[in-house]
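To start, the structure itself, in structure tokens.
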Amino acid sequence: MTVRPTSEALHERVRAFVEGILRGAPPEPFDDLALALARFQATHVPALGRLVRARGIDLASARDASVIPALPCDVFRLARIAAHAPVEDMRVFRTSGTSQGKEARGEHPFRTTATYELVALRWGERMLWPDRQDLGVLVLAPSLEEVADSSLGFMLDLFARELRGPASFHVREGVLDIEGVARVAAEARASGKPVLVLGASFAFVHLLDGAGTRDFSLPPGSRVMQTGGFKGRSREVEPTELRRAIASLFGVPEAHVVGEYGMTELSSQLYEGTLAAALGARTTTRHGVYVAPPWMRVTACDPTTLAPLAPGETGILRFVDLANVDSSVAIQTSDLGRVTDEGVELFGRAPGATPRGCSLAIDEVLSRGSS
Amino acid sequence: MSAEAEARARVLRVIAAGRRIQDPNDPLGAEARARLPAVTGLDPKGVELALSAHLETHATDAEIDTLLARTGRAPRCHVILAANVCTAPLRALALAAATSPDIVVRPSRRDPVVTDLLVRALSADEAFVRTHHASLTRAASITPAPGDELHVYGSDASIEAVTRGLPAGVCVRGHGTGLGLAVIGGDAPIDDAAASLAWDIVPFDQRGCLSPRFVLVEGGEARAEQFVQALDAALSRAAARVPRGPLDPALAAEIALYGASMEAVGLFLSRPSHAVGFDPSPCALVLPPPARVVHVVALAPTDAPNLLAPWAPFVTAIGLCDDGLLARAVCERAPFARCSPLGAMQRPPLDGPVDLRPSRA
């Protein structure tokens, strides 16, 4: 079987799994599907094949997805992570710039975005708009035309197209259009139609800093999704303080301000569950706890051995994301977190070793850029 | 005595103080050997290697001429030291002594040992204090006045933080962090090059800004892999003589993630004493943790400019075994780096700052 038909068949299995598990009836076990993806990828993605061989893993006889070796995020900038040829790339998402230049940006190529779109919309619907779809969309980020290789931009554009209200993007060439945001807020107040506000955390800080006396309050039922850190692009604001300030600015309950966790190397996203809980779509939860979709398995790993830790222990997070069909189903991040029955608590990037010399430290390189 | 001669004499007294620390039979030398393993995290044999082979206690007249030419003159010279390699205070104080007879030093909080010992040695040195009317004072805080020089060691961020609050008229010389790389030319004998390079990696457990972190091998993938195996063997042999100090958990974690990345892109050889990662067809360089962990890539001279572009500003040292095409391509990208033969990267002449890049301040 050549790559494309196998890939297509796997995409179909994943989409069927997603639709099925949301109905409470997955067509096959998670582990079976994850291992099928891993076998396909180990055969057709050279980096994964090398990783499997280096670890001496027998994927053919494996029965548990925990044996799949997780690909460190760094590898996405060192090698092409795709089962298909570059000529078949329909879209390539790239990590944001680093101090090491554009050439060193990580790339996640997609032959098709159909599965990506399905999982983003299905989980977005569950976590951001479980009650209604007639929401306006106000995006504090550039439009997809301006950032065609941004996975976040792609997802925000997808949400804007999916929801039935008017949508507007308010960052152009790196500048936040504060007047435009105020205008859209006024229009929403006039129409009474609630709004979903989407954006990166630093954009919200810029909005708060430049808000002045303008009225940004939104109609009841409005909500906010913020994502990402500050990456040196604004002053840093403590999460609780930022959430309160955002809630106050838009006149929404704090529970309606939720964080999103996603990365270029993954296809699925996690959200804080407070909005869904406030709307009665989930059991009560708290800010700081992110909920993964049921087609994703998150495990904290020992940073030194990369072995899985017991639930509740803190380690670096490993994601098995079934929606990563043509790249790597298992991803190893350097983000610290803890996984409990409640969800995933995120503690930021694992701190680097204390520099004990004048040799350039890895942390210093990272802090110089905006990766 | 002219001002120039006085400056030279002061530098020579700093070097003489260093010789006391180098001498295991001198009380200061014995104290250094007793205190440094705990402070630096180096194995006692690593400390001995640092003191006996890398403390810069020999300088030719010409080297000191160059050192004097590379320093300024000021009524007072303040020095803020970071936890650089443990021998770094000697050169730092030699530069300060060349600059001024009145030196105020703030040692690194984490590693004050060699600074403390030099302060004690020089305070007890009649020639330094009485003949040349010099003073070296240890201070907890530094308050330079206009006209003074301030030599700051540390990361670029900490240099910037120190510089921000200074009065106008203080001349600041910032000595930032950096990295070394080695070039294995197409005609270099693999085993000899690996054996020499191992002794650039082992000193200070690779924590110095002259320590090679990247190795660029000319001549194709197979040759580069052959070099990886040779370097792995050479590092094992070197570790038998000078073991690596214990790893802290954060460093071990950085090595684990780096290793997983290398397993995916090429090869990762992990030993109790060191590790070597290999990327046979690099599209970017990845910085390995500084713990005798070396990142080796196969590289054609034509690809060097692109691959090195993001790293060139950080390169402080280049180890070479020829002046072939790759060596020349690399040196062009990092014009301020110190170039030396393999095996001598960690023994730069005492002819000025270790880091010859423009001041980081």
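Following the order of the structure tokens, first chain is A, next is B, and so on, with residues numbered from 1 inside each chain and ligands from 1 in the order they appear.
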Discussion item. With 6 Å as the limit and counting only C-alpha atoms, what residues in chain B lie close to chain A? Please list them as a count of residues only.
Written reply: 21
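Once Gly266 in chain B and its same-chain neighbours fewer than 3 positions away are set aside, Met262, Glu263, Phe278, Asp279 and Pro280 of chain B remain within 7 Å of it when counting only C-alpha atoms.
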Only N, CA and C atoms, please: the residues just picked out, written as a PDB file, in the first residue's frame.
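And here's out-v6.pdb as it stands now:
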```
ATOM      1  N   MET B 262      18.257  13.808  19.070  1.00  0.00           N
ATOM      2  CA  MET B 262      19.327  13.262  18.237  1.00  0.00           C
ATOM      3  C   MET B 262      19.028  11.833  17.795  1.00  0.00           C
ATOM      4  N   GLU B 263      18.369  11.071  18.643  1.00  0.00           N
ATOM      5  CA  GLU B 263      17.968   9.720  18.222  1.00  0.00           C
ATOM      6  C   GLU B 263      17.058   9.799  17.000  1.00  0.00           C
ATOM      7  N   PHE B 278      24.645  13.364  16.794  1.00  0.00           N
ATOM      8  CA  PHE B 278      25.079  13.484  15.401  1.00  0.00           C
ATOM      9  C   PHE B 278      23.880  13.764  14.504  1.00  0.00           C
ATOM     10  N   ASP B 279      23.995  14.829  13.733  1.00  0.00           N
ATOM     11  CA  ASP B 279      22.982  15.152  12.729  1.00  0.00           C
ATOM     12  C   ASP B 279      23.665  15.073  11.365  1.00  0.00           C
ATOM     13  N   PRO B 280      23.340  14.049  10.570  1.00  0.00           N
ATOM     14  CA  PRO B 280      24.053  13.868   9.302  1.00  0.00           C
ATOM     15  C   PRO B 280      23.668  14.874   8.224  1.00  0.00           C
TER      16      PRO B 280
END
```
Discussion item. Among range 144-327 of chain A, which ones does DSSP assign to strand (DSSP E) (computed from the backbone)? Answer as a ChimeraX atom specification.
Written reply: /A:167-169,171-172,175-176,195-200,223-227,257-261,270-272,289-291,296-301,314-321
Item to complete: Just the residues within 12 Å of Val119 in chain A, please, counting only C-alpha atoms, with nothing from its chain fewer than 3 positions along; format it as number ranges by chain.
Response: A: 11, 14-19, 21-22, 113-116, 122-127, 155, 158-159, 266-270, 292-296, 321-324
Residue subset to file, keeping C-alpha atoms, as a short mmCIF file (atom, residue, chain, number, x, y, z; two decimals), in the first residue's frame:
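Saved result, out_17.cif, follows:
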```cif
data_model
loop_
_atom_site.label_atom_id
_atom_site.label_comp_id
_atom_site.auth_asym_id
_atom_site.auth_seq_id
_atom_site.Cartn_x
_atom_site.Cartn_y
_atom_site.Cartn_z
CA HIS A 11 -7.58 9.98 8.63
CA VAL A 14 -9.42 9.12 13.31
CA ARG A 15 -12.40 11.19 12.21
CA ALA A 16 -14.71 8.26 12.93
CA PHE A 17 -13.09 7.90 16.35
CA VAL A 18 -13.61 11.60 17.09
CA GLU A 19 -17.26 11.59 16.06
CA ILE A 21 -16.23 9.12 21.13
CA LEU A 22 -18.11 12.40 21.35
CA THR A 113 -6.30 19.75 7.10
CA ALA A 114 -9.63 17.92 7.17
CA THR A 115 -8.91 16.07 10.41
CA TYR A 116 -7.30 19.13 11.98
CA ARG A 122 -15.56 19.70 17.67
CA TRP A 123 -13.52 20.57 20.75
CA GLY A 124 -14.03 24.30 20.25
CA GLU A 125 -17.77 23.69 20.12
CA ARG A 126 -17.63 21.68 23.37
CA MET A 127 -15.45 24.11 25.25
CA MET A 155 -7.74 27.84 13.97
CA LEU A 158 -11.77 28.39 11.23
CA PHE A 159 -13.75 29.47 14.28
CA LEU A 266 -0.02 19.29 17.78
CA SER A 267 -3.31 19.21 15.91
CA SER A 268 -5.62 19.24 18.93
CA GLN A 269 -6.09 21.87 21.61
CA LEU A 270 -6.81 21.93 25.35
CA ALA A 292 -7.83 17.60 26.71
CA PRO A 293 -10.19 16.15 24.11
CA PRO A 294 -10.83 12.41 24.36
CA TRP A 295 -8.73 11.77 21.25
CA MET A 296 -5.68 13.08 23.08
CA ASP A 321 -2.71 13.25 19.71
CA LEU A 322 -4.61 11.02 17.32
CA ALA A 323 -5.18 13.98 15.01
CA ASN A 324 -1.45 14.05 14.17
#
```
Item to complete: Would you please extract all helix (DSSP H, G or I) residues from range 80-136 of chain B, as assigned by DSSP on the backbone, and give them as a list in words?
Response: Ala88, Pro89, Leu90, Arg91, Ala92, Leu93, Ala94, Leu95, Ala96, Ala97, Ala98, Thr99, Val113, Val114, Thr115, Asp116, Leu117, Leu118, Val119, Arg120, Ala121, Leu122, Ser123, Glu126, Ala127, Phe128, Val129, Arg130 and Thr131 of chain B
Excluding Leu198 in chain A and any residue of its chain fewer than 4 positions from it, enumerate the residues within 8 Å of it, using only C-alpha atoms, and give them as a tab-separated table (two decimals) with N, CA and C atoms, in the first residue's frame.
```tsv
chain	number	residue	atom	x	y	z
A	137	VAL	N	-17.57	37.10	16.22
A	137	VAL	CA	-16.19	36.72	16.54
A	137	VAL	C	-15.29	37.94	16.38
A	138	LEU	N	-14.61	38.25	17.44
A	138	LEU	CA	-13.71	39.40	17.46
A	138	LEU	C	-12.31	38.85	17.74
A	139	VAL	N	-11.42	38.99	16.79
A	139	VAL	CA	-10.12	38.34	16.90
A	139	VAL	C	-9.02	39.37	17.11
A	140	LEU	N	-8.30	39.21	18.21
A	140	LEU	CA	-7.15	40.09	18.48
A	140	LEU	C	-5.89	39.41	17.92
A	141	ALA	N	-5.89	39.21	16.65
A	141	ALA	CA	-4.77	38.55	15.96
A	141	ALA	C	-4.89	38.91	14.48
A	156	LEU	N	-8.15	30.18	14.43
A	156	LEU	CA	-9.03	31.33	14.69
A	156	LEU	C	-9.88	31.63	13.46
A	224	VAL	N	-14.48	34.88	26.19
A	224	VAL	CA	-13.12	35.22	25.73
A	224	VAL	C	-12.23	33.98	25.78
A	225	MET	N	-11.47	33.76	24.74
A	225	MET	CA	-10.43	32.72	24.74
A	225	MET	C	-9.08	33.40	24.55
A	226	GLN	N	-8.17	33.16	25.48
A	226	GLN	CA	-6.81	33.71	25.34
A	226	GLN	C	-5.82	32.55	25.30
```
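CA of Glu56 in chain B lies 26.8 Å from CA of Ile184 in chain B.
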Fill in: Atomic distance CA of Gly343 in chain B - CA of Ser281 in chain B, expressed in Å with one decimal
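We find that CA of Gly343 in chain B and CA of Ser281 in chain B lie 26.3 Å from each other.
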Practice prompt. Between CA of Ala239 in chain B and CA of Pro189 in chain B, measure the distance and give it in Å to one decimal.
Written response: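 A separation of 21.8 Å between them.
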Discussion item. Could you list, as JSON, numbers by chain, every residue within 10 Å of range 160-169 of chain A, counting only C-alpha atoms and ignoring same-chain residues fewer than 4 positions away?
Written reply: {"A": [121, 125, 129, 132, 133, 134, 135, 136, 137, 138, 139, 140, 141, 142, 143, 144, 154, 155, 156, 176, 177, 180, 181, 184, 188, 193, 194, 195, 196, 197, 198, 199]}
For the residues in the current selection, export C-alpha atoms as a PDB file, in the first residue's frame.
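Saved result, result-v1.pdb, follows:
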```
ATOM      1  CA  LEU A 121     -14.210  22.594  15.635  1.00  0.00           C
ATOM      2  CA  GLU A 125     -17.769  23.688  20.124  1.00  0.00           C
ATOM      3  CA  TRP A 129     -19.688  27.510  22.318  1.00  0.00           C
ATOM      4  CA  ARG A 132     -25.072  28.533  20.807  1.00  0.00           C
ATOM      5  CA  GLN A 133     -23.449  29.228  17.472  1.00  0.00           C
ATOM      6  CA  ASP A 134     -24.861  32.672  16.777  1.00  0.00           C
ATOM      7  CA  LEU A 135     -21.826  34.426  18.183  1.00  0.00           C
ATOM      8  CA  GLY A 136     -19.935  37.309  16.693  1.00  0.00           C
ATOM      9  CA  VAL A 137     -16.191  36.715  16.538  1.00  0.00           C
ATOM     10  CA  LEU A 138     -13.705  39.403  17.462  1.00  0.00           C
ATOM     11  CA  VAL A 139     -10.120  38.336  16.897  1.00  0.00           C
ATOM     12  CA  LEU A 140      -7.146  40.093  18.478  1.00  0.00           C
ATOM     13  CA  ALA A 141      -4.771  38.549  15.960  1.00  0.00           C
ATOM     14  CA  PRO A 142      -3.912  39.010  12.296  1.00  0.00           C
ATOM     15  CA  SER A 143      -6.107  37.459   9.628  1.00  0.00           C
ATOM     16  CA  LEU A 144      -5.002  34.191   8.041  1.00  0.00           C
ATOM     17  CA  PHE A 154      -5.672  28.921  10.968  1.00  0.00           C
ATOM     18  CA  MET A 155      -7.736  27.841  13.975  1.00  0.00           C
ATOM     19  CA  LEU A 156      -9.026  31.329  14.688  1.00  0.00           C
ATOM     20  CA  LEU A 176      -3.592  46.247  17.364  1.00  0.00           C
ATOM     21  CA  ASP A 177      -6.517  48.289  16.092  1.00  0.00           C
ATOM     22  CA  GLY A 180     -11.752  48.875  15.698  1.00  0.00           C
ATOM     23  CA  VAL A 181     -12.230  46.664  18.746  1.00  0.00           C
ATOM     24  CA  VAL A 184     -17.164  46.176  17.161  1.00  0.00           C
ATOM     25  CA  ALA A 188     -22.420  44.164  19.531  1.00  0.00           C
ATOM     26  CA  LYS A 193     -25.597  39.679  19.976  1.00  0.00           C
ATOM     27  CA  PRO A 194     -22.924  38.005  22.140  1.00  0.00           C
ATOM     28  CA  VAL A 195     -19.342  37.842  20.961  1.00  0.00           C
ATOM     29  CA  LEU A 196     -16.516  35.330  21.215  1.00  0.00           C
ATOM     30  CA  VAL A 197     -13.241  37.224  21.638  1.00  0.00           C
ATOM     31  CA  LEU A 198     -10.142  35.284  20.604  1.00  0.00           C
ATOM     32  CA  GLY A 199      -6.523  36.278  20.879  1.00  0.00           C
TER      33      GLY A 199
END
```
Might you pull out every residue within 12 Å of Val162 in chain B, with only C-alpha atoms counted and same-chain residues fewer than 4 positions away left off, and present them as a PDB file with N, CA and C atoms, in the first residue's frame?
```pdb
ATOM      1  N   VAL B  79      35.275  45.416  39.122  1.00  0.00           N
ATOM      2  CA  VAL B  79      35.072  44.145  38.415  1.00  0.00           C
ATOM      3  C   VAL B  79      33.902  43.407  39.062  1.00  0.00           C
ATOM      4  N   ILE B  80      32.927  43.057  38.243  1.00  0.00           N
ATOM      5  CA  ILE B  80      31.816  42.227  38.732  1.00  0.00           C
ATOM      6  C   ILE B  80      31.958  40.866  38.068  1.00  0.00           C
ATOM      7  N   LEU B  81      32.226  39.862  38.879  1.00  0.00           N
ATOM      8  CA  LEU B  81      32.471  38.526  38.328  1.00  0.00           C
ATOM      9  C   LEU B  81      31.211  37.670  38.399  1.00  0.00           C
ATOM     10  N   SER B 141      29.211  45.344  47.060  1.00  0.00           N
ATOM     11  CA  SER B 141      28.505  46.103  46.013  1.00  0.00           C
ATOM     12  C   SER B 141      29.503  47.024  45.324  1.00  0.00           C
ATOM     13  N   ILE B 142      29.146  47.402  44.133  1.00  0.00           N
ATOM     14  CA  ILE B 142      30.062  48.162  43.284  1.00  0.00           C
ATOM     15  C   ILE B 142      29.418  49.512  42.983  1.00  0.00           C
ATOM     16  N   THR B 143      30.163  50.595  43.216  1.00  0.00           N
ATOM     17  CA  THR B 143      29.606  51.932  42.947  1.00  0.00           C
ATOM     18  C   THR B 143      30.614  52.754  42.154  1.00  0.00           C
ATOM     19  N   PRO B 144      30.715  52.513  40.872  1.00  0.00           N
ATOM     20  CA  PRO B 144      31.700  53.248  40.065  1.00  0.00           C
ATOM     21  C   PRO B 144      31.334  54.722  39.902  1.00  0.00           C
ATOM     22  N   LEU B 150      34.361  49.794  34.485  1.00  0.00           N
ATOM     23  CA  LEU B 150      33.631  48.689  35.112  1.00  0.00           C
ATOM     24  C   LEU B 150      33.693  47.496  34.162  1.00  0.00           C
ATOM     25  N   HIS B 151      34.255  46.411  34.639  1.00  0.00           N
ATOM     26  CA  HIS B 151      34.304  45.184  33.839  1.00  0.00           C
ATOM     27  C   HIS B 151      33.236  44.232  34.385  1.00  0.00           C
ATOM     28  N   VAL B 152      32.269  43.904  33.568  1.00  0.00           N
ATOM     29  CA  VAL B 152      31.155  43.062  34.021  1.00  0.00           C
ATOM     30  C   VAL B 152      31.185  41.727  33.283  1.00  0.00           C
ATOM     31  N   TYR B 153      31.113  40.666  34.039  1.00  0.00           N
ATOM     32  CA  TYR B 153      31.079  39.310  33.467  1.00  0.00           C
ATOM     33  C   TYR B 153      29.708  38.704  33.746  1.00  0.00           C
ATOM     34  N   GLY B 154      29.172  37.973  32.778  1.00  0.00           N
ATOM     35  CA  GLY B 154      27.873  37.319  32.985  1.00  0.00           C
ATOM     36  C   GLY B 154      27.111  37.224  31.693  1.00  0.00           C
ATOM     37  N   SER B 155      25.841  36.874  31.796  1.00  0.00           N
ATOM     38  CA  SER B 155      25.010  36.786  30.598  1.00  0.00           C
ATOM     39  C   SER B 155      24.769  38.194  30.065  1.00  0.00           C
ATOM     40  N   ASP B 156      24.384  38.287  28.811  1.00  0.00           N
ATOM     41  CA  ASP B 156      24.091  39.598  28.234  1.00  0.00           C
ATOM     42  C   ASP B 156      23.004  40.306  29.037  1.00  0.00           C
ATOM     43  N   ALA B 157      22.034  39.524  29.538  1.00  0.00           N
ATOM     44  CA  ALA B 157      20.930  40.127  30.293  1.00  0.00           C
ATOM     45  C   ALA B 157      21.447  40.727  31.604  1.00  0.00           C
ATOM     46  N   SER B 158      22.354  40.006  32.281  1.00  0.00           N
ATOM     47  CA  SER B 158      22.830  40.576  33.555  1.00  0.00           C
ATOM     48  C   SER B 158      23.770  41.747  33.310  1.00  0.00           C
ATOM     49  N   LEU B 166      23.904  52.892  35.917  1.00  0.00           N
ATOM     50  CA  LEU B 166      25.207  53.519  36.173  1.00  0.00           C
ATOM     51  C   LEU B 166      25.190  55.017  35.876  1.00  0.00           C
ATOM     52  N   PRO B 167      26.025  55.780  36.603  1.00  0.00           N
ATOM     53  CA  PRO B 167      26.137  57.198  36.251  1.00  0.00           C
ATOM     54  C   PRO B 167      26.843  57.361  34.903  1.00  0.00           C
ATOM     55  N   VAL B 170      30.953  56.358  33.173  1.00  0.00           N
ATOM     56  CA  VAL B 170      31.607  55.101  33.561  1.00  0.00           C
ATOM     57  C   VAL B 170      31.836  54.292  32.283  1.00  0.00           C
ATOM     58  N   VAL B 172      32.155  50.982  30.543  1.00  0.00           N
ATOM     59  CA  VAL B 172      31.772  49.602  30.856  1.00  0.00           C
ATOM     60  C   VAL B 172      32.314  48.657  29.787  1.00  0.00           C
ATOM     61  N   ARG B 173      32.945  47.614  30.240  1.00  0.00           N
ATOM     62  CA  ARG B 173      33.354  46.554  29.314  1.00  0.00           C
ATOM     63  C   ARG B 173      32.628  45.280  29.733  1.00  0.00           C
ATOM     64  N   GLY B 174      31.734  44.826  28.873  1.00  0.00           N
ATOM     65  CA  GLY B 174      30.924  43.647  29.193  1.00  0.00           C
ATOM     66  C   GLY B 174      31.526  42.393  28.577  1.00  0.00           C
ATOM     67  N   ARG B 360      30.048  43.469  25.225  1.00  0.00           N
ATOM     68  CA  ARG B 360      28.621  43.166  25.256  1.00  0.00           C
ATOM     69  C   ARG B 360      27.841  44.270  25.960  1.00  0.00           C
ATOM     70  N   ALA B 361      28.525  45.249  26.541  1.00  0.00           N
ATOM     71  CA  ALA B 361      27.789  46.299  27.272  1.00  0.00           C
ATOM     72  C   ALA B 361      27.185  47.296  26.300  1.00  0.00           C
TER      73      ALA B 361
END
```
Practice prompt. List the neighbours of Asp23 in chain B out to 8 Å using only C-alpha atoms; skip same-chain residues closer than 6 positions along the sequence, and give me the result as a ChimeraX atom specification.
Written response: /B:29-30,52
Output C-alpha atoms for every residue in the selection just made, as a JSON list (two decimals), in the first residue's frame.
```
[["chain", "number", "residue", "atom", "x", "y", "z"],
["B", 29, "GLY", "CA", 46.71, 26.10, 46.33],
["B", 30, "ALA", "CA", 45.68, 23.53, 48.91],
["B", 52, "SER", "CA", 47.36, 22.89, 36.75]]
```
